[in-house]
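As structure tokens, the structure follows; a few thoughts come after it.
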Amino acid sequence: MLKLITKVIKEALFPTSCLVCGAFFHFKDFKTEFTRLQQLDPGFLTGRDLDEIYKALLTPLLCNSCLPDYTPVESPICSKCGFLFKSREGNDHVCGSCLESEKKFGIARAGAVYDKSVMTMIYRFKYNGKIQLAGPLGRFLFAVFVRNFYVDISVDNRVDFVIPVPLHMSRFRKRGFNQAFLLVREWEKLVSNCNLVPHSFHVEKDILTRTRKTKSQTGLNRKDRMVNIKNAFSIKNPEKVMGKKMLIVDDVYTTGATVNECAKVLLNGGAKSVDVLTLARAALTN
Ligand SMILES: [Zn+2]
Ligand SMILES: [Zn+2]
């Protein structure tokens, strides 16, 4: 309680700067702070509306204008790659791109469209050292994970291993962290307290490794991305892969070239299935 009071007084004296637009803002009331304290409660993360979870998690970090400024990924989407259809009517179905070239992974799902506040937050997180975003964004992604891979009974999605997309050692050294790993770092703790998820899983950051240094995928088109990422990954622990169900996690799905390459390697290594989950999903290309 004392901690809470200190925190509220501190907030009143030193307003928070919004991590998206930089504007200073105050928490409105105690309720916000209590909501924040619920953030690690798996019951809270799984039992609520996703929009409510998103807003509760990010309220302490975003101002009132930036907080609602995002696009959640909601049906109708591509049942394979998770692409958000422009038309907001009809059911999920396979998109043209997935019909044209078959993806290696099973299904890909995401929490929000890669635009507006979400796009800026991911940038701040990766390039401006705002790693305080990792907790709330990772918990939001956990809520998206449970929703898509356990609650949705149309898919049999027991997951054995959660695999954050690895960075090449040189990029890891330069950045100092792997953003995909930071997003899933708390998941084992969350799932151990969560009775909604019937099976446990492990976060494995050492199964897959990035053996080839690639240039950034940013600015490359779909075909160039595929060429750029080809043979960039290999399996470090082959005995762990055989017969297992994998979930690859990354921050953004743009064309899917990176996660598709990861899936290819894991399936070649004997994985039973490979699905994909990202925080954000690009809307412009598919
Ligand atoms: Zn703002
Ligand atoms: Zn698709």
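Identifiers in this document derive from the order of the structure tokens: chains are assigned A, B, ..., residues are numbered from 1 separately in each chain, and ligands are numbered from 1 in order of occurrence.
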DSSP alpha helix (DSSP H) residues within stretch 32-267 of chain A, listed as a PyMOL selection string: chain A and resi 32-37+42-47+50-58+96-100+116-127+134-146+169-175+179-184+187-192+222-229+238-241+257-267
Once you have the residues from the selection above, write them out as a PDB file, in the first residue's frame, restricted to C-alpha atoms.
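Generated file (out12.pdb):
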```pdb
ATOM      1  CA  THR A  32      -5.449   3.067 -13.127  1.00  0.00           C
ATOM      2  CA  GLU A  33      -2.742   2.079 -10.725  1.00  0.00           C
ATOM      3  CA  PHE A  34      -4.767  -0.834  -9.403  1.00  0.00           C
ATOM      4  CA  THR A  35      -5.389  -1.926 -12.961  1.00  0.00           C
ATOM      5  CA  ARG A  36      -1.689  -1.823 -13.563  1.00  0.00           C
ATOM      6  CA  LEU A  37      -1.094  -4.072 -10.581  1.00  0.00           C
ATOM      7  CA  PRO A  42      -3.242 -14.473 -15.870  1.00  0.00           C
ATOM      8  CA  GLY A  43      -6.938 -14.450 -15.026  1.00  0.00           C
ATOM      9  CA  PHE A  44      -7.035 -10.811 -15.969  1.00  0.00           C
ATOM     10  CA  LEU A  45      -5.021 -11.438 -19.134  1.00  0.00           C
ATOM     11  CA  THR A  46      -7.193 -14.273 -20.367  1.00  0.00           C
ATOM     12  CA  GLY A  47     -10.643 -13.484 -19.061  1.00  0.00           C
ATOM     13  CA  LEU A  50      -8.620  -7.979 -25.736  1.00  0.00           C
ATOM     14  CA  ASP A  51      -9.147  -4.255 -26.237  1.00  0.00           C
ATOM     15  CA  GLU A  52      -9.667  -3.827 -22.501  1.00  0.00           C
ATOM     16  CA  ILE A  53      -6.478  -5.774 -21.787  1.00  0.00           C
ATOM     17  CA  TYR A  54      -4.492  -3.692 -24.291  1.00  0.00           C
ATOM     18  CA  LYS A  55      -5.688  -0.439 -22.767  1.00  0.00           C
ATOM     19  CA  ALA A  56      -5.169  -1.550 -19.163  1.00  0.00           C
ATOM     20  CA  LEU A  57      -1.619  -2.645 -19.919  1.00  0.00           C
ATOM     21  CA  LEU A  58      -0.627   0.484 -21.782  1.00  0.00           C
ATOM     22  CA  GLY A  96      -4.762 -14.782 -52.431  1.00  0.00           C
ATOM     23  CA  SER A  97      -1.129 -14.785 -51.396  1.00  0.00           C
ATOM     24  CA  CYS A  98      -1.476 -17.981 -49.378  1.00  0.00           C
ATOM     25  CA  LEU A  99      -3.318 -19.668 -52.249  1.00  0.00           C
ATOM     26  CA  GLU A 100      -0.565 -18.604 -54.633  1.00  0.00           C
ATOM     27  CA  LYS A 116      -0.415   4.088 -35.561  1.00  0.00           C
ATOM     28  CA  SER A 117       0.678   3.813 -31.903  1.00  0.00           C
ATOM     29  CA  VAL A 118       1.738   0.180 -32.222  1.00  0.00           C
ATOM     30  CA  MET A 119       4.189   0.999 -35.009  1.00  0.00           C
ATOM     31  CA  THR A 120       5.752   3.809 -32.962  1.00  0.00           C
ATOM     32  CA  MET A 121       5.914   1.720 -29.790  1.00  0.00           C
ATOM     33  CA  ILE A 122       7.759  -1.080 -31.571  1.00  0.00           C
ATOM     34  CA  TYR A 123      10.212   1.463 -32.960  1.00  0.00           C
ATOM     35  CA  ARG A 124      10.811   3.007 -29.517  1.00  0.00           C
ATOM     36  CA  PHE A 125      11.181  -0.448 -28.023  1.00  0.00           C
ATOM     37  CA  LYS A 126      13.716  -1.708 -30.574  1.00  0.00           C
ATOM     38  CA  TYR A 127      15.700   1.376 -31.487  1.00  0.00           C
ATOM     39  CA  ALA A 134       8.561  -5.217 -23.189  1.00  0.00           C
ATOM     40  CA  GLY A 135       6.474  -6.122 -20.112  1.00  0.00           C
ATOM     41  CA  PRO A 136       3.112  -4.687 -21.192  1.00  0.00           C
ATOM     42  CA  LEU A 137       3.539  -5.641 -24.860  1.00  0.00           C
ATOM     43  CA  GLY A 138       4.650  -9.156 -23.901  1.00  0.00           C
ATOM     44  CA  ARG A 139       1.636  -9.596 -21.630  1.00  0.00           C
ATOM     45  CA  PHE A 140      -0.677  -8.346 -24.343  1.00  0.00           C
ATOM     46  CA  LEU A 141       0.914 -10.867 -26.724  1.00  0.00           C
ATOM     47  CA  PHE A 142       0.378 -13.609 -24.135  1.00  0.00           C
ATOM     48  CA  ALA A 143      -3.327 -12.720 -24.072  1.00  0.00           C
ATOM     49  CA  VAL A 144      -3.392 -12.901 -27.891  1.00  0.00           C
ATOM     50  CA  PHE A 145      -1.573 -16.250 -27.716  1.00  0.00           C
ATOM     51  CA  VAL A 146      -4.048 -17.827 -25.307  1.00  0.00           C
ATOM     52  CA  MET A 169      25.173 -12.376 -32.670  1.00  0.00           C
ATOM     53  CA  SER A 170      26.504  -9.160 -34.211  1.00  0.00           C
ATOM     54  CA  ARG A 171      23.078  -7.513 -34.171  1.00  0.00           C
ATOM     55  CA  PHE A 172      22.398  -8.788 -30.686  1.00  0.00           C
ATOM     56  CA  ARG A 173      25.619  -7.206 -29.456  1.00  0.00           C
ATOM     57  CA  LYS A 174      24.792  -3.926 -31.126  1.00  0.00           C
ATOM     58  CA  ARG A 175      21.223  -3.765 -29.797  1.00  0.00           C
ATOM     59  CA  GLN A 179      13.144  -7.920 -28.747  1.00  0.00           C
ATOM     60  CA  ALA A 180      11.347 -11.183 -29.596  1.00  0.00           C
ATOM     61  CA  PHE A 181      12.785 -12.860 -26.499  1.00  0.00           C
ATOM     62  CA  LEU A 182      11.858  -9.926 -24.240  1.00  0.00           C
ATOM     63  CA  LEU A 183       8.249 -10.279 -25.405  1.00  0.00           C
ATOM     64  CA  VAL A 184       8.013 -13.893 -24.212  1.00  0.00           C
ATOM     65  CA  TRP A 187       5.304 -16.295 -20.394  1.00  0.00           C
ATOM     66  CA  GLU A 188       6.397 -19.372 -18.428  1.00  0.00           C
ATOM     67  CA  LYS A 189       5.600 -17.560 -15.203  1.00  0.00           C
ATOM     68  CA  LEU A 190       2.235 -16.413 -16.558  1.00  0.00           C
ATOM     69  CA  VAL A 191       1.227 -19.849 -17.830  1.00  0.00           C
ATOM     70  CA  SER A 192       2.149 -21.597 -14.607  1.00  0.00           C
ATOM     71  CA  ARG A 222       8.696  -9.657 -50.796  1.00  0.00           C
ATOM     72  CA  LYS A 223      10.990 -11.529 -53.185  1.00  0.00           C
ATOM     73  CA  ASP A 224      14.169  -9.804 -51.992  1.00  0.00           C
ATOM     74  CA  ARG A 225      13.222 -10.516 -48.394  1.00  0.00           C
ATOM     75  CA  MET A 226      12.961 -14.216 -49.178  1.00  0.00           C
ATOM     76  CA  VAL A 227      16.378 -14.202 -50.866  1.00  0.00           C
ATOM     77  CA  ASN A 228      17.927 -12.121 -48.085  1.00  0.00           C
ATOM     78  CA  ILE A 229      16.776 -14.439 -45.299  1.00  0.00           C
ATOM     79  CA  PRO A 238      18.315 -31.173 -33.158  1.00  0.00           C
ATOM     80  CA  GLU A 239      17.260 -33.671 -30.477  1.00  0.00           C
ATOM     81  CA  LYS A 240      14.841 -31.120 -29.021  1.00  0.00           C
ATOM     82  CA  VAL A 241      13.001 -30.511 -32.289  1.00  0.00           C
ATOM     83  CA  ALA A 257       9.673 -14.266 -45.078  1.00  0.00           C
ATOM     84  CA  THR A 258      11.590 -14.500 -41.790  1.00  0.00           C
ATOM     85  CA  VAL A 259       9.127 -16.682 -39.885  1.00  0.00           C
ATOM     86  CA  ASN A 260       8.557 -18.827 -42.975  1.00  0.00           C
ATOM     87  CA  GLU A 261      12.287 -19.473 -43.185  1.00  0.00           C
ATOM     88  CA  CYS A 262      12.361 -20.385 -39.471  1.00  0.00           C
ATOM     89  CA  ALA A 263       9.419 -22.738 -40.012  1.00  0.00           C
ATOM     90  CA  LYS A 264      11.163 -24.392 -42.961  1.00  0.00           C
ATOM     91  CA  VAL A 265      14.271 -25.102 -40.905  1.00  0.00           C
ATOM     92  CA  LEU A 266      12.314 -26.451 -37.924  1.00  0.00           C
ATOM     93  CA  LEU A 267      10.099 -28.673 -40.091  1.00  0.00           C
TER      94      LEU A 267
END
```
Contact table chain A vs ligand 1, cut-off 12 Å, shortest pair per residue, only C-alpha atoms and all ligand atoms, as JSON lines:
```
{"residue": "A:Thr16", "atom": "CA", "partner": "ligand 1", "partner_atom_place_in_ligand_line": "1 (Zn)", "distance": 10.3}
{"residue": "A:Ser17", "atom": "CA", "partner": "ligand 1", "partner_atom_place_in_ligand_line": "1 (Zn)", "distance": 7.9}
{"residue": "A:Cys18", "atom": "CA", "partner": "ligand 1", "partner_atom_place_in_ligand_line": "1 (Zn)", "distance": 4.7}
{"residue": "A:Leu19", "atom": "CA", "partner": "ligand 1", "partner_atom_place_in_ligand_line": "1 (Zn)", "distance": 6.6}
{"residue": "A:Val20", "atom": "CA", "partner": "ligand 1", "partner_atom_place_in_ligand_line": "1 (Zn)", "distance": 5.0}
{"residue": "A:Cys21", "atom": "CA", "partner": "ligand 1", "partner_atom_place_in_ligand_line": "1 (Zn)", "distance": 4.0}
{"residue": "A:Gly22", "atom": "CA", "partner": "ligand 1", "partner_atom_place_in_ligand_line": "1 (Zn)", "distance": 5.9}
{"residue": "A:Ala23", "atom": "CA", "partner": "ligand 1", "partner_atom_place_in_ligand_line": "1 (Zn)", "distance": 5.6}
{"residue": "A:Phe24", "atom": "CA", "partner": "ligand 1", "partner_atom_place_in_ligand_line": "1 (Zn)", "distance": 8.1}
{"residue": "A:Phe25", "atom": "CA", "partner": "ligand 1", "partner_atom_place_in_ligand_line": "1 (Zn)", "distance": 8.5}
{"residue": "A:His26", "atom": "CA", "partner": "ligand 1", "partner_atom_place_in_ligand_line": "1 (Zn)", "distance": 11.7}
{"residue": "A:Leu58", "atom": "CA", "partner": "ligand 1", "partner_atom_place_in_ligand_line": "1 (Zn)", "distance": 11.1}
{"residue": "A:Thr59", "atom": "CA", "partner": "ligand 1", "partner_atom_place_in_ligand_line": "1 (Zn)", "distance": 10.5}
{"residue": "A:Pro60", "atom": "CA", "partner": "ligand 1", "partner_atom_place_in_ligand_line": "1 (Zn)", "distance": 11.2}
{"residue": "A:Leu61", "atom": "CA", "partner": "ligand 1", "partner_atom_place_in_ligand_line": "1 (Zn)", "distance": 8.6}
{"residue": "A:Leu62", "atom": "CA", "partner": "ligand 1", "partner_atom_place_in_ligand_line": "1 (Zn)", "distance": 5.4}
{"residue": "A:Cys63", "atom": "CA", "partner": "ligand 1", "partner_atom_place_in_ligand_line": "1 (Zn)", "distance": 4.2}
{"residue": "A:Asn64", "atom": "CA", "partner": "ligand 1", "partner_atom_place_in_ligand_line": "1 (Zn)", "distance": 6.7}
{"residue": "A:Ser65", "atom": "CA", "partner": "ligand 1", "partner_atom_place_in_ligand_line": "1 (Zn)", "distance": 5.6}
{"residue": "A:Cys66", "atom": "CA", "partner": "ligand 1", "partner_atom_place_in_ligand_line": "1 (Zn)", "distance": 4.3}
{"residue": "A:Leu67", "atom": "CA", "partner": "ligand 1", "partner_atom_place_in_ligand_line": "1 (Zn)", "distance": 7.1}
{"residue": "A:Pro68", "atom": "CA", "partner": "ligand 1", "partner_atom_place_in_ligand_line": "1 (Zn)", "distance": 9.9}
{"residue": "A:Asp69", "atom": "CA", "partner": "ligand 1", "partner_atom_place_in_ligand_line": "1 (Zn)", "distance": 9.2}
{"residue": "A:Tyr70", "atom": "CA", "partner": "ligand 1", "partner_atom_place_in_ligand_line": "1 (Zn)", "distance": 12.0}
{"residue": "A:Lys116", "atom": "CA", "partner": "ligand 1", "partner_atom_place_in_ligand_line": "1 (Zn)", "distance": 10.8}
{"residue": "A:Ser117", "atom": "CA", "partner": "ligand 1", "partner_atom_place_in_ligand_line": "1 (Zn)", "distance": 8.3}
{"residue": "A:Val118", "atom": "CA", "partner": "ligand 1", "partner_atom_place_in_ligand_line": "1 (Zn)", "distance": 11.5}
{"residue": "A:Thr120", "atom": "CA", "partner": "ligand 1", "partner_atom_place_in_ligand_line": "1 (Zn)", "distance": 10.3}
{"residue": "A:Met121", "atom": "CA", "partner": "ligand 1", "partner_atom_place_in_ligand_line": "1 (Zn)", "distance": 10.5}
```
Close residues to ligand 2 using only C-alpha atoms and all ligand atoms, limit 10 Å, as number ranges by chain: A: 77-85, 93-103, 107-108, 255-256, 286
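Taking atom CA of A:Gly269 and atom CA of A:Phe201 as endpoints, the distance between them is 19.2 Å.
Taking only C-alpha atoms into account, A:Pro76 lies nearest to A:Gly90 out of the set A:Val252, A:Gly90, A:Pro15, A:Leu167.
Using only C-alpha atoms, the shortest contact distance between A:Arg212 and any of A:Ile248, A:Ile163, A:Ala232, A:Val151 is found at A:Ala232.
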Picked from stretch 100-152 of chain A by DSSP as strand (DSSP E), as a PyMOL selection string: chain A and resi 108-113
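Among the candidates A:Leu133, A:Met242, A:Leu277, A:Val8, the residue lying nearest to A:Arg147 is A:Leu277 (atoms considered: only C-alpha atoms).
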Pairwise distance for atom CA of A:Ala283 and atom CA of A:Asp92, rounded to one decimal in Å: 15.8 Å
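When atom CA of A:Lys86 is paired with atom CA of A:Arg109, their separation reads 16.4 Å.
For A:Thr211, the non-local neighbours within 8 Å, defined as residues at least 6 positions apart in the same chain or in other chains and counting only C-alpha atoms, are His168, Ala232, Phe233 and Ser234 of chain A.
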Can those selected residues be exported to a file as a PDB file, in the first residue's frame so that it contains C-alpha atoms?
```pdb
ATOM      1  CA  HIS A 168      22.528 -12.740 -35.393  1.00  0.00           C
ATOM      2  CA  ALA A 232      20.020 -17.640 -42.315  1.00  0.00           C
ATOM      3  CA  PHE A 233      18.908 -20.023 -39.561  1.00  0.00           C
ATOM      4  CA  SER A 234      19.986 -23.398 -38.330  1.00  0.00           C
TER       5      SER A 234
END
```
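Proximity to A:Val274 was assessed for A:Val159, A:Leu220, A:Val165, A:Ile235 counting only C-alpha atoms; the smallest distance is recorded for A:Val159.
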